[in-house]
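Peer 1: See work-v7.cif below, with mmCIF, C-alpha atoms.
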data_query
loop_
_atom_site.label_atom_id
_atom_site.label_comp_id
_atom_site.auth_asym_id
_atom_site.auth_seq_id
_atom_site.Cartn_x
_atom_site.Cartn_y
_atom_site.Cartn_z
CA MET A 1079 29.39 27.87 -4.93
CA THR A 1080 29.65 31.55 -3.94
CA SER A 1081 32.42 33.03 -1.80
CA GLY A 1082 29.86 33.37 1.00
CA ASP A 1083 29.08 29.65 0.79
CA ASP A 1084 32.81 28.93 0.77
CA SER A 1085 33.38 30.90 3.96
CA LEU A 1086 30.50 29.13 5.71
CA GLN A 1087 31.82 25.77 4.61
CA SER A 1088 35.27 26.71 5.89
CA LEU A 1089 33.84 27.73 9.27
CA ARG A 1090 31.90 24.48 9.54
CA GLU A 1091 34.97 22.45 8.65
CA ALA A 1092 37.10 24.31 11.20
CA LEU A 1093 34.42 23.72 13.82
CA ARG A 1094 34.27 20.02 12.96
CA LEU A 1095 37.97 19.80 13.71
CA SER A 1096 37.64 21.91 16.87
CA PRO A 1097 34.09 21.38 18.20
CA ASP A 1098 34.83 22.95 21.60
CA ASN A 1099 36.10 26.23 20.12
CA LEU A 1100 33.48 28.62 21.54
CA PRO A 1101 34.65 31.80 19.71
CA LEU A 1102 34.57 29.89 16.43
CA ARG A 1103 31.05 28.60 17.05
CA ARG A 1104 29.94 32.11 18.02
CA HIS A 1105 31.42 33.45 14.76
CA LEU A 1106 29.61 30.79 12.73
CA ALA A 1107 26.30 31.60 14.47
CA GLU A 1108 26.72 35.33 13.85
CA THR A 1109 27.62 34.72 10.21
CA LEU A 1110 24.59 32.49 9.68
CA LEU A 1111 22.33 35.05 11.32
CA GLY A 1112 23.76 37.86 9.23
CA ARG A 1113 22.99 35.91 6.05
CA GLY A 1114 19.41 35.17 7.03
CA HIS A 1115 19.90 31.53 8.08
CA ALA A 1116 18.20 32.12 11.42
CA ASP A 1117 17.18 28.50 12.00
CA GLU A 1118 20.76 27.27 11.56
CA ALA A 1119 22.04 30.16 13.69
CA GLU A 1120 19.60 29.11 16.44
CA THR A 1121 21.14 25.63 16.45
CA GLU A 1122 24.68 27.00 16.77
CA TYR A 1123 23.73 29.47 19.51
CA ARG A 1124 22.06 26.67 21.48
CA LYS A 1125 25.19 24.53 21.23
CA ALA A 1126 27.36 27.46 22.33
CA LEU A 1127 25.05 28.18 25.28
CA SER A 1128 25.27 24.58 26.43
CA ALA A 1129 28.99 25.29 26.98
CA ALA A 1130 28.56 28.87 28.30
CA PRO A 1131 25.00 29.10 29.70
CA HIS A 1132 25.51 32.53 31.31
CA ASP A 1133 27.03 34.34 28.31
CA ALA A 1134 24.81 37.42 27.73
CA GLN A 1135 25.96 37.94 24.14
CA LEU A 1136 25.15 34.34 23.22
CA LYS A 1137 21.69 34.70 24.81
CA LEU A 1138 21.15 37.89 22.86
CA GLY A 1139 22.22 36.15 19.65
CA LEU A 1140 19.71 33.36 20.29
CA ALA A 1141 16.99 35.96 20.90
CA ARG A 1142 17.87 37.64 17.59
CA ALA A 1143 17.63 34.26 15.84
CA PHE A 1144 14.18 33.74 17.39
CA PHE A 1145 13.15 37.27 16.33
CA GLN A 1146 14.14 36.64 12.70
CA GLN A 1147 12.04 33.45 12.68
CA GLY A 1148 9.02 35.17 14.21
CA LYS A 1149 9.35 33.24 17.49
CA ASP A 1150 8.54 36.39 19.44
CA SER A 1151 7.47 34.77 22.69
CA ALA A 1152 10.73 32.80 22.96
CA ALA A 1153 12.74 35.94 22.15
CA LEU A 1154 10.82 37.96 24.77
CA VAL A 1155 11.60 35.43 27.48
CA ILE A 1156 15.34 35.86 26.82
CA VAL A 1157 15.43 39.67 26.58
CA GLU A 1158 13.26 40.07 29.67
CA ASP A 1159 15.67 37.83 31.57
CA LEU A 1160 18.66 39.80 30.24
CA GLY A 1161 16.97 43.03 31.32
CA LYS A 1162 17.01 41.91 34.94
CA GLN A 1163 20.77 41.41 34.95
CA ARG A 1164 23.42 43.98 35.68
CA GLY A 1165 25.18 45.36 32.60
CA THR A 1166 22.44 44.47 30.11
CA PRO A 1167 23.73 45.14 26.56
CA ALA A 1168 22.08 48.11 24.87
CA ALA A 1169 21.30 45.87 21.90
CA ALA A 1170 19.10 43.74 24.19
CA HIS A 1171 16.96 46.79 25.01
CA VAL A 1172 16.71 47.65 21.30
CA LEU A 1173 15.57 44.11 20.48
CA HIS A 1174 13.10 44.24 23.39
CA ALA A 1175 11.70 47.47 21.92
CA ARG A 1176 11.27 45.81 18.51
CA LEU A 1177 9.45 42.85 20.07
CA LEU A 1178 7.12 45.11 22.07
CA LEU A 1179 6.43 47.16 18.94
CA ARG A 1180 5.32 44.00 17.12
CA THR A 1181 2.67 43.42 19.78
CA GLY A 1182 1.54 47.05 19.75
CA GLU A 1183 2.91 47.95 23.19
CA VAL A 1184 4.18 51.29 21.94
CA GLU A 1185 4.79 52.97 25.28
CA ARG A 1186 6.77 50.07 26.70
CA ALA A 1187 8.72 49.86 23.45
CA VAL A 1188 9.63 53.54 23.75
CA ALA A 1189 10.78 53.01 27.33
CA GLN A 1190 13.06 50.15 26.27
CA TYR A 1191 14.47 52.18 23.38
CA LYS A 1192 15.27 55.09 25.69
CA LEU A 1193 16.94 52.68 28.11
CA ALA A 1194 19.11 51.42 25.25
CA LEU A 1195 20.26 54.98 24.49
CA GLU A 1196 20.98 55.65 28.16
CA THR A 1197 23.14 52.53 28.20
CA ASP A 1198 24.92 53.33 24.93
CA PRO A 1199 24.01 56.32 22.70
CA ALA A 1200 25.65 54.48 19.78
CA ALA A 1201 22.73 52.02 19.89
CA ALA A 1202 20.48 54.64 18.22
CA ASP A 1203 18.37 53.19 15.40
CA VAL A 1204 16.89 55.86 13.12
CA GLU A 1205 14.37 53.51 11.49
CA LEU A 1206 13.11 52.14 14.82
CA ALA A 1207 12.92 55.64 16.35
CA ALA A 1208 10.79 56.79 13.42
CA ARG A 1209 8.42 53.84 13.80
CA LEU A 1210 8.12 54.45 17.53
CA GLY A 1211 7.35 58.09 16.92
CA VAL A 1212 10.12 59.56 19.07
CA SER A 1213 12.39 62.45 18.28
CA ALA A 1214 16.13 62.16 17.65
CA ASP A 1215 16.64 63.14 21.30
CA ALA A 1216 14.71 60.05 22.41
CA ILE A 1217 15.99 60.08 25.99
CA ASN A 1218 14.20 63.31 26.80
CA SER A 1219 11.15 63.02 24.56
CA ASP A 1220 7.74 61.46 24.92
CA VAL A 1221 6.09 59.25 22.34
CA LEU A 1222 4.45 61.28 19.59
CA ASP A 1223 1.00 59.79 20.04
CA GLY A 1224 -0.26 57.98 16.97
CA ARG A 1225 2.84 57.57 14.76
CA VAL A 1226 2.80 53.78 15.06
CA ARG A 1227 -0.92 53.39 15.32
CA GLU A 1228 -1.36 55.64 12.30
CA SER A 1229 0.31 52.97 10.19
CA TRP A 1230 -2.35 50.53 11.38
CA GLY A 1231 -5.06 53.08 10.70
CA GLU A 1232 -4.09 53.22 7.04
CA MET A 1233 -5.45 49.71 6.60
CA PRO A 1234 -9.25 49.65 6.14
CA ARG A 1235 -11.06 47.89 8.99
CA ASP A 1236 -13.92 45.53 8.34
CA SER A 1237 -17.08 46.64 10.06
CA ALA A 1238 -17.45 43.22 11.67
CA GLN A 1239 -15.14 40.46 12.81
CA THR A 1240 -15.36 37.14 11.00
CA ILE A 1241 -17.21 34.53 13.02
CA GLU A 1242 -15.83 31.04 12.54
CA ARG A 1243 -17.71 27.79 12.99
CA PRO A 1244 -14.86 25.45 13.99
CA LYS A 1245 -15.13 21.79 13.10
CA VAL A 1246 -12.44 20.69 15.56
CA THR A 1247 -13.58 19.34 18.92
CA PHE A 1248 -11.94 18.04 22.09
CA ASP A 1249 -11.34 14.76 20.23
CA ASP A 1250 -8.82 16.67 18.11
CA VAL A 1251 -6.93 17.92 21.17
CA GLY A 1252 -4.39 15.46 22.53
CA GLY A 1253 -4.25 15.19 26.32
CA MET A 1254 -5.19 18.21 28.48
CA GLU A 1255 -7.94 16.20 30.21
CA ALA A 1256 -7.96 18.32 33.38
CA LEU A 1257 -8.16 21.51 31.32
CA LYS A 1258 -10.96 20.11 29.20
CA GLU A 1259 -12.94 19.24 32.35
CA GLU A 1260 -12.49 22.76 33.73
CA ILE A 1261 -13.78 24.19 30.46
CA ARG A 1262 -16.72 21.77 30.49
CA LEU A 1263 -17.71 22.92 33.99
CA LYS A 1264 -17.33 26.61 33.24
CA ILE A 1265 -18.51 26.82 29.63
CA ILE A 1266 -19.96 23.65 28.12
CA TYR A 1267 -22.23 22.22 30.84
CA PRO A 1268 -23.99 25.56 31.48
CA LEU A 1269 -25.10 25.47 27.83
CA THR A 1270 -25.97 21.79 27.63
CA HIS A 1271 -27.63 21.64 31.10
CA PRO A 1272 -28.89 25.20 31.71
CA GLU A 1273 -31.65 24.13 34.10
CA ILE A 1274 -29.13 22.71 36.60
CA TYR A 1275 -27.02 25.86 36.57
CA GLN A 1276 -30.10 28.08 36.83
CA ALA A 1277 -31.18 26.12 39.90
CA TYR A 1278 -27.96 27.24 41.58
CA GLY A 1279 -28.22 30.77 40.21
CA LYS A 1280 -25.13 30.42 38.03
CA ALA A 1281 -25.00 32.61 34.94
CA ILE A 1282 -24.14 31.09 31.56
CA GLY A 1283 -20.89 32.77 30.61
CA GLY A 1284 -17.70 33.95 32.21
CA GLY A 1285 -14.03 33.90 31.50
CA ILE A 1286 -11.11 31.51 31.54
CA LEU A 1287 -7.50 32.66 31.28
CA MET A 1288 -5.02 30.10 29.99
CA TYR A 1289 -1.33 30.69 30.48
CA GLY A 1290 1.85 28.77 29.84
CA PRO A 1291 4.75 28.42 27.43
CA PRO A 1292 4.14 29.07 23.73
CA GLY A 1293 3.15 26.25 21.43
CA CYS A 1294 1.30 24.17 24.02
CA GLY A 1295 -2.15 24.34 22.43
CA LYS A 1296 -3.96 27.26 24.08
CA THR A 1297 -5.38 28.61 20.81
CA HIS A 1298 -6.20 25.12 19.54
CA LEU A 1299 -8.06 24.34 22.78
CA ALA A 1300 -10.06 27.58 22.54
CA ARG A 1301 -11.11 26.79 18.96
CA ALA A 1302 -12.01 23.21 19.96
CA THR A 1303 -14.18 24.57 22.79
CA ALA A 1304 -16.31 26.43 20.25
CA GLY A 1305 -16.46 23.32 18.06
CA GLU A 1306 -17.50 21.18 21.02
CA ILE A 1307 -20.67 23.23 21.57
CA LYS A 1308 -21.17 24.26 17.92
CA ALA A 1309 -20.77 27.90 18.91
CA GLY A 1310 -19.40 30.80 16.95
CA PHE A 1311 -15.73 31.61 17.44
CA MET A 1312 -14.16 35.06 17.29
CA ALA A 1313 -10.36 35.26 17.53
CA VAL A 1314 -9.33 38.75 18.59
CA GLY A 1315 -5.81 40.10 18.12
CA ILE A 1316 -4.33 43.42 19.15
CA SER A 1317 -4.74 44.89 15.64
CA ASP A 1318 -8.50 44.27 15.90
CA VAL A 1319 -8.69 46.64 18.87
CA LEU A 1320 -6.00 49.31 18.93
CA ASP A 1321 -6.42 52.39 16.79
CA MET A 1322 -4.61 55.72 16.42
CA TRP A 1323 -7.61 57.90 17.37
CA ILE A 1324 -8.50 58.59 20.98
CA GLY A 1325 -11.58 56.60 21.98
CA THR A 1326 -11.62 54.41 18.88
CA SER A 1327 -9.82 51.50 20.55
CA GLU A 1328 -12.45 51.45 23.29
CA ARG A 1329 -15.22 51.55 20.68
CA ASN A 1330 -13.61 48.69 18.72
CA LEU A 1331 -13.48 46.57 21.87
CA HIS A 1332 -17.13 47.35 22.66
CA GLU A 1333 -18.20 46.42 19.11
CA LEU A 1334 -16.41 43.07 19.32
CA PHE A 1335 -18.26 42.21 22.54
CA GLU A 1336 -21.55 43.41 21.02
CA GLN A 1337 -21.01 41.22 17.97
CA ALA A 1338 -20.39 38.22 20.24
CA ARG A 1339 -23.55 39.05 22.23
CA HIS A 1340 -25.62 39.14 19.05
CA ASN A 1341 -24.31 35.72 17.97
CA ARG A 1342 -24.74 33.76 21.20
CA PRO A 1343 -23.55 31.22 22.01
CA CYS A 1344 -20.20 32.59 20.98
CA VAL A 1345 -16.63 31.99 22.15
CA LEU A 1346 -14.69 35.26 22.23
CA PHE A 1347 -10.99 34.43 22.29
CA PHE A 1348 -8.27 36.97 23.10
CA ASP A 1349 -4.79 35.75 22.20
CA GLU A 1350 -1.78 37.38 23.91
CA VAL A 1351 -4.28 39.17 26.15
CA ASP A 1352 -1.49 40.80 28.18
CA ALA A 1353 -0.92 43.14 25.20
CA LEU A 1354 -4.42 44.58 25.76
CA GLY A 1355 -4.56 44.18 29.52
CA ALA A 1356 -1.11 45.23 30.76
CA ARG A 1357 -0.75 46.42 34.33
CA ARG A 1358 -2.10 49.95 34.54
CA SER A 1359 0.68 50.85 36.96
CA ASP A 1360 3.17 50.19 34.12
CA LEU A 1361 1.43 52.54 31.69
CA GLN A 1362 2.57 56.15 31.53
CA HIS A 1363 -0.24 57.45 29.29
CA SER A 1364 -3.97 57.47 29.83
CA ALA A 1365 -4.89 55.95 26.44
CA GLY A 1366 -3.69 52.48 27.44
CA ARG A 1367 -5.43 52.69 30.80
CA ASN A 1368 -8.69 53.69 29.12
CA VAL A 1369 -8.59 50.55 26.93
CA ILE A 1370 -8.06 48.38 30.01
CA ASN A 1371 -10.94 50.07 31.85
CA GLN A 1372 -13.19 49.47 28.84
CA PHE A 1373 -12.09 45.82 28.70
CA LEU A 1374 -12.97 45.36 32.37
CA ALA A 1375 -16.36 47.01 31.88
CA GLU A 1376 -17.15 44.69 28.96
CA LEU A 1377 -16.17 41.64 31.00
CA ASP A 1378 -18.48 42.80 33.78
CA GLY A 1379 -21.36 43.25 31.33
CA VAL A 1380 -22.09 46.70 32.75
CA GLU A 1381 -24.54 47.73 30.00
CA THR A 1382 -25.50 44.36 28.47
CA SER A 1383 -25.54 40.84 29.90
CA ASN A 1384 -22.78 38.49 28.81
CA ASP A 1385 -24.91 35.37 29.23
CA GLY A 1386 -23.97 33.01 26.40
CA VAL A 1387 -20.75 34.89 25.65
CA LEU A 1388 -17.93 32.56 26.56
CA ILE A 1389 -14.68 34.42 27.02
CA LEU A 1390 -11.34 32.67 26.71
CA ALA A 1391 -7.96 34.34 26.77
CA ALA A 1392 -4.39 33.15 26.43
CA THR A 1393 -1.07 34.62 27.45
CA ASN A 1394 2.54 33.55 27.72
CA ALA A 1395 3.18 36.26 30.33
CA PRO A 1396 0.40 36.33 32.96
CA TRP A 1397 2.63 38.42 35.24
CA HIS A 1398 2.16 41.37 32.86
CA LEU A 1399 -1.66 41.22 33.12
CA ASP A 1400 -3.43 43.77 35.33
CA PRO A 1401 -4.57 42.03 38.57
CA ALA A 1402 -8.09 43.45 38.13
CA PHE A 1403 -8.70 40.90 35.35
CA ARG A 1404 -8.48 38.08 37.89
CA ARG A 1405 -11.40 39.21 40.03
CA PRO A 1406 -14.57 37.04 40.25
CA GLY A 1407 -16.83 37.39 37.21
CA ARG A 1408 -13.93 38.22 34.90
CA PHE A 1409 -11.13 35.69 34.28
CA ASP A 1410 -11.98 33.85 37.47
CA ARG A 1411 -10.58 30.54 36.23
CA ILE A 1412 -6.85 30.73 35.59
CA LEU A 1413 -5.53 27.53 34.04
CA PHE A 1414 -1.90 26.56 33.55
CA VAL A 1415 -1.29 24.90 30.16
CA PRO A 1416 2.02 23.04 30.50
CA PRO A 1417 3.87 21.07 27.86
CA PRO A 1418 2.00 17.79 27.36
CA ASP A 1419 2.89 14.81 29.53
CA ALA A 1420 3.87 11.44 28.02
CA PRO A 1421 0.31 10.10 27.40
CA ALA A 1422 -0.68 13.48 25.91
CA ARG A 1423 2.41 13.51 23.67
CA ALA A 1424 1.49 10.07 22.38
CA ALA A 1425 -2.08 11.26 21.71
CA ILE A 1426 -0.85 14.40 19.93
CA LEU A 1427 1.50 12.40 17.73
CA ARG A 1428 -1.35 10.04 16.78
CA ILE A 1429 -3.49 13.03 15.78
CA LEU A 1430 -0.64 14.63 13.82
CA CYS A 1431 0.00 11.38 11.92
CA ARG A 1432 -3.64 10.89 10.93
CA GLY A 1433 -4.19 10.53 7.21
CA LYS A 1434 -0.50 10.03 6.45
CA PRO A 1435 1.18 6.84 5.18
CA MET A 1436 2.10 4.98 8.36
CA GLY A 1437 3.75 1.72 9.22
CA GLU A 1438 3.90 0.31 12.73
CA ILE A 1439 4.54 3.26 15.04
CA ASP A 1440 5.22 2.92 18.76
CA PHE A 1441 3.75 6.22 19.96
CA GLY A 1442 4.41 5.32 23.60
CA HIS A 1443 8.11 4.92 22.89
CA LEU A 1444 8.21 8.21 21.00
CA ALA A 1445 6.47 9.96 23.88
CA LYS A 1446 9.30 8.89 26.20
CA LYS A 1447 11.88 10.30 23.75
CA THR A 1448 10.19 13.71 23.53
CA ASP A 1449 10.21 14.89 27.14
CA SER A 1450 9.41 18.64 27.50
CA PHE A 1451 8.23 18.91 23.88
CA SER A 1452 5.31 21.27 23.32
CA GLY A 1453 2.54 20.54 20.85
CA ALA A 1454 4.24 22.88 18.37
CA ASP A 1455 7.53 21.04 18.87
CA LEU A 1456 5.81 17.73 18.13
CA LYS A 1457 4.29 19.19 14.97
CA GLY A 1458 7.77 20.32 13.95
CA LEU A 1459 9.06 16.80 14.62
CA VAL A 1460 6.41 15.24 12.35
CA ASP A 1461 7.11 17.86 9.65
CA VAL A 1462 10.84 17.02 9.73
CA ALA A 1463 10.11 13.29 9.45
CA ILE A 1464 7.73 13.86 6.53
CA GLU A 1465 10.27 16.03 4.70
CA SER A 1466 12.81 13.25 5.04
CA LYS A 1467 10.32 10.74 3.64
CA LEU A 1468 9.44 13.08 0.77
CA ARG A 1469 13.08 13.19 -0.33
CA VAL A 1470 13.12 9.40 -0.53
CA ALA A 1471 9.71 9.26 -2.23
CA MET A 1472 10.75 11.76 -4.90
CA LYS A 1473 13.79 9.65 -5.74
CA GLU A 1474 11.98 6.32 -5.76
CA GLY A 1475 8.62 7.55 -7.06
CA VAL A 1476 6.69 5.69 -4.34
CA PRO A 1477 5.46 7.09 -0.98
CA LYS A 1478 7.09 5.27 1.94
CA PRO A 1479 5.22 4.91 5.26
CA LEU A 1480 6.39 6.75 8.38
CA THR A 1481 7.99 4.51 10.98
CA THR A 1482 9.01 4.81 14.61
CA ALA A 1483 12.63 5.14 13.50
CA ASP A 1484 11.76 8.07 11.19
CA LEU A 1485 10.03 9.99 13.95
CA GLN A 1486 12.71 9.20 16.52
CA ALA A 1487 15.42 10.43 14.15
CA ALA A 1488 13.45 13.65 13.59
CA ALA A 1489 13.13 14.12 17.35
CA GLY A 1490 16.90 14.41 17.56
CA SER A 1491 16.86 17.52 15.36
CA VAL A 1492 14.09 19.36 17.27
CA ARG A 1493 14.81 21.14 20.56
CA PRO A 1494 12.10 21.78 23.17
CA THR A 1495 11.15 25.46 23.05
CA ALA A 1496 9.46 25.71 26.45
CA ARG A 1497 12.64 25.66 28.53
CA GLU A 1498 13.41 29.37 28.02
CA TRP A 1499 9.89 30.20 29.18
CA PHE A 1500 10.28 28.17 32.37
CA SER A 1501 13.56 29.92 33.20
CA THR A 1502 11.61 33.20 33.47
CA ALA A 1503 8.42 31.72 34.92
CA ARG A 1504 10.42 30.11 37.71
CA ASN A 1505 11.43 33.51 39.09
CA TYR A 1506 7.86 34.80 39.12
CA ALA A 1507 6.57 31.56 40.67
CA LEU A 1508 9.15 31.70 43.46
CA TYR A 1509 9.16 35.41 44.24
CA SER A 1510 5.90 36.95 42.93
CA ASN A 1511 3.38 34.24 43.72
CA GLN A 1512 0.72 36.27 45.52
CA GLY A 1513 -2.24 34.10 46.44
CA GLY A 1514 -0.56 31.00 45.01
CA ILE A 1515 -1.48 31.94 41.44
CA TYR A 1516 1.65 30.24 40.06
CA ASP A 1517 1.58 27.16 42.29
CA ASP A 1518 0.97 25.01 39.20
CA ILE A 1519 4.30 26.17 37.74
CA LEU A 1520 6.09 25.20 40.95
CA LYS A 1521 4.34 21.83 40.95
CA HIS A 1522 5.23 21.22 37.32
CA MET A 1523 8.89 22.12 37.98
CA LYS A 1524 8.84 20.04 41.18
CA LEU A 1525 9.77 23.10 43.26
CA GLY A 1526 6.71 23.21 45.46
#
Have the structure of the file written as structure tokens, please.

Peer 2:
Amino acid sequence: MTSGDDSLQSLREALRLSPDNLPLRRHLAETLLGRGHADEAETEYRKALSAAPHDAQLKLGLARAFFQQGKDSAALVIVEDLGKQRGTPAAAHVLHARLLLRTGEVERAVAQYKLALETDPAAADVELAARLGVSADAINSDVLDGRVRESWGEMPRDSAQTIERPKVTFDDVGGMEALKEEIRLKIIYPLTHPEIYQAYGKAIGGGILMYGPPGCGKTHLARATAGEIKAGFMAVGISDVLDMWIGTSERNLHELFEQARHNRPCVLFFDEVDALGARRSDLQHSAGRNVINQFLAELDGVETSNDGVLILAATNAPWHLDPAFRRPGRFDRILFVPPPDAPARAAILRILCRGKPMGEIDFGHLAKKTDSFSGADLKGLVDVAIESKLRVAMKEGVPKPLTTADLQAAAGSVRPTAREWFSTARNYALYSNQGGIYDDILKHMKLG
């Protein structure tokens, strides 16, 4: 055992003897994070926050743990909340800048980095400043257009996006019955019963925007929609669109729509669409606004009809999306995708356990024990239970079936990830709910 392992063991032993010692638990979490054990650090930060829920440094530590694990949406929820409070730590702005940089929001990342330096000049990060393309005097400089995007441009782009033919259908999506029916009315029935829709003058196509906490199945539902109608499926990320050269991002976006139009019926899915469609009022440079204007023009089908092009988009932060996207003919159906309810959780667990050695499993009982779990949380629960069974199977040489007790024990080690999202969404739903767009959040949280 190394000296590092010894010190961790000593900290854990001290904490076992003094479980309410908050500074000690904070020290253990920071040590774990510093040594790359982000998942264990997350557990310790959560325990510390249960005792001190308003501690900004603990929240920032949890966000850093999320960042190291690639849980960017969960980390963003925390740093955005910290940014609204008085006396936000400079390190929170730096982390916010790193998260925005990962999604390609260069200008917003620069703004957060400058804010960090205004708060504390000692927060300067030479490596981050270089990636953002700002000078050493970042407070007074503008972004050097293209430094970040140039690094993307070094990678050769394929001339065409891969078109999938998903085999999953709505039968592979647990719960979400109301959402499935909305998608049927907007997307599936117009293709399967075109004569009825033509009688009412309804075009075949249009857009649906899905929003909600991460891990609740938005991408899975989009892929299943394509599988349901045996359509092509194009998943578009920010790196498929943004480019360092002026005008190229707009051309990339146009080509993606054109490819979808030439492969009708085709589901064109934009994940984290707020990264491409941020509010134009928040953008300081014209390049970002030009991409948004091009996106809106493509949605409107200004030059070519979008009949048969079925546009789905997902976001964890609908409040960052430009309001123009919500006008009729664009994303005119906005659907809230909450964590699954009890019957949906039972259905998801059944699907996740398919094809695995199973004994008698009471999925209804497990659904009651997993309140607020997202689909991703439930997958994590099943993975933990399987890993536990694998350890036993490797010792005994015989696979043992999963049981209710195995899954319930695994549930105790998984924490719902949607709660941080709702803490931010609640504020928007209460105070920025123009036109009742977030009424579903209020209803879900029993606030409306």

Peer 1: Considering only C-alpha atoms, return as a PyMOL selection string whatever protein or nucleic-acid residues lie within 10 Å of Thr1109 (chain A), sequence-local ones (same chain, fewer than 6 positions apart) excluded.

Peer 2: chain A and resi 1082+1085-1086+1089+1103+1115-1116+1119

Peer 1: Just so the selection is clear, what residues does the PyMOL selection byres ((chain A and resi 1516) around 12) cover here, as a PyMOL selection string?

Peer 2: chain A and resi 1289-1290+1395-1397+1412-1416+1500+1503-1515+1517-1523+1525-1526

Peer 1: Mind writing the picked residues with C-alpha atoms as an mmCIF file, in the coordinates of the input?

Peer 2:
data_model
loop_
_atom_site.group_PDB
_atom_site.id
_atom_site.type_symbol
_atom_site.label_atom_id
_atom_site.label_comp_id
_atom_site.auth_asym_id
_atom_site.auth_seq_id
_atom_site.Cartn_x
_atom_site.Cartn_y
_atom_site.Cartn_z
ATOM 1 C CA TYR A 1289 -1.330 30.690 30.480
ATOM 2 C CA GLY A 1290 1.850 28.770 29.840
ATOM 3 C CA ALA A 1395 3.180 36.260 30.330
ATOM 4 C CA PRO A 1396 0.400 36.330 32.960
ATOM 5 C CA TRP A 1397 2.630 38.420 35.240
ATOM 6 C CA ILE A 1412 -6.850 30.730 35.590
ATOM 7 C CA LEU A 1413 -5.530 27.530 34.040
ATOM 8 C CA PHE A 1414 -1.900 26.560 33.550
ATOM 9 C CA VAL A 1415 -1.290 24.900 30.160
ATOM 10 C CA PRO A 1416 2.020 23.040 30.500
ATOM 11 C CA PHE A 1500 10.280 28.170 32.370
ATOM 12 C CA ALA A 1503 8.420 31.720 34.920
ATOM 13 C CA ARG A 1504 10.420 30.110 37.710
ATOM 14 C CA ASN A 1505 11.430 33.510 39.090
ATOM 15 C CA TYR A 1506 7.860 34.800 39.120
ATOM 16 C CA ALA A 1507 6.570 31.560 40.670
ATOM 17 C CA LEU A 1508 9.150 31.700 43.460
ATOM 18 C CA TYR A 1509 9.160 35.410 44.240
ATOM 19 C CA SER A 1510 5.900 36.950 42.930
ATOM 20 C CA ASN A 1511 3.380 34.240 43.720
ATOM 21 C CA GLN A 1512 0.720 36.270 45.520
ATOM 22 C CA GLY A 1513 -2.240 34.100 46.440
ATOM 23 C CA GLY A 1514 -0.560 31.000 45.010
ATOM 24 C CA ILE A 1515 -1.480 31.940 41.440
ATOM 25 C CA ASP A 1517 1.580 27.160 42.290
ATOM 26 C CA ASP A 1518 0.970 25.010 39.200
ATOM 27 C CA ILE A 1519 4.300 26.170 37.740
ATOM 28 C CA LEU A 1520 6.090 25.200 40.950
ATOM 29 C CA LYS A 1521 4.340 21.830 40.950
ATOM 30 C CA HIS A 1522 5.230 21.220 37.320
ATOM 31 C CA MET A 1523 8.890 22.120 37.980
ATOM 32 C CA LEU A 1525 9.770 23.100 43.260
ATOM 33 C CA GLY A 1526 6.710 23.210 45.460
#

Peer 1: What separation in Å, quoted to one decimal, exists between CA of Gly1139 (chain A) and CA of Ser1151 (chain A)?

Peer 2: 15.1 Å

Peer 1: So what do you get for CA of Arg1090 (chain A) versus CA of Gly1112 (chain A), distance-wise?

Peer 2: 15.7 Å

Peer 1: Give the answer as one residue: which of A:Gln1147, A:Gln1337, A:Thr1326, A:Asn1394 has the shortest atom-to-atom distance to Gln1372 (chain A), using all atoms listed in the file?

Peer 2: A:Thr1326

Peer 1: In terms of the shortest atom-to-atom distance over only C-alpha atoms, which of A:Cys1344, A:Phe1145, A:Pro1244, A:Ser1383 is closest to Glu1120 (chain A)?

Peer 2: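 Closest residue, counting only C-alpha atoms: A:Phe1145.
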
Peer 1: Quick one: of A:Cys1294, A:Val1462, A:Ile1307, A:Ile1370, who's nearest to His1271 (chain A), counting all atoms listed in the file?

Peer 2: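 Closest to His1271 (chain A) of all the choices is A:Ile1307.
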
Peer 1: Could you check the closest approach to Lys1258 (chain A) for each of A:Gly1407, A:Gly1433, A:Gly1295, A:Pro1343 and tell me which residue wins, using only C-alpha atoms?

Peer 2: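 Closest to Lys1258 (chain A), using only C-alpha atoms: A:Gly1295.
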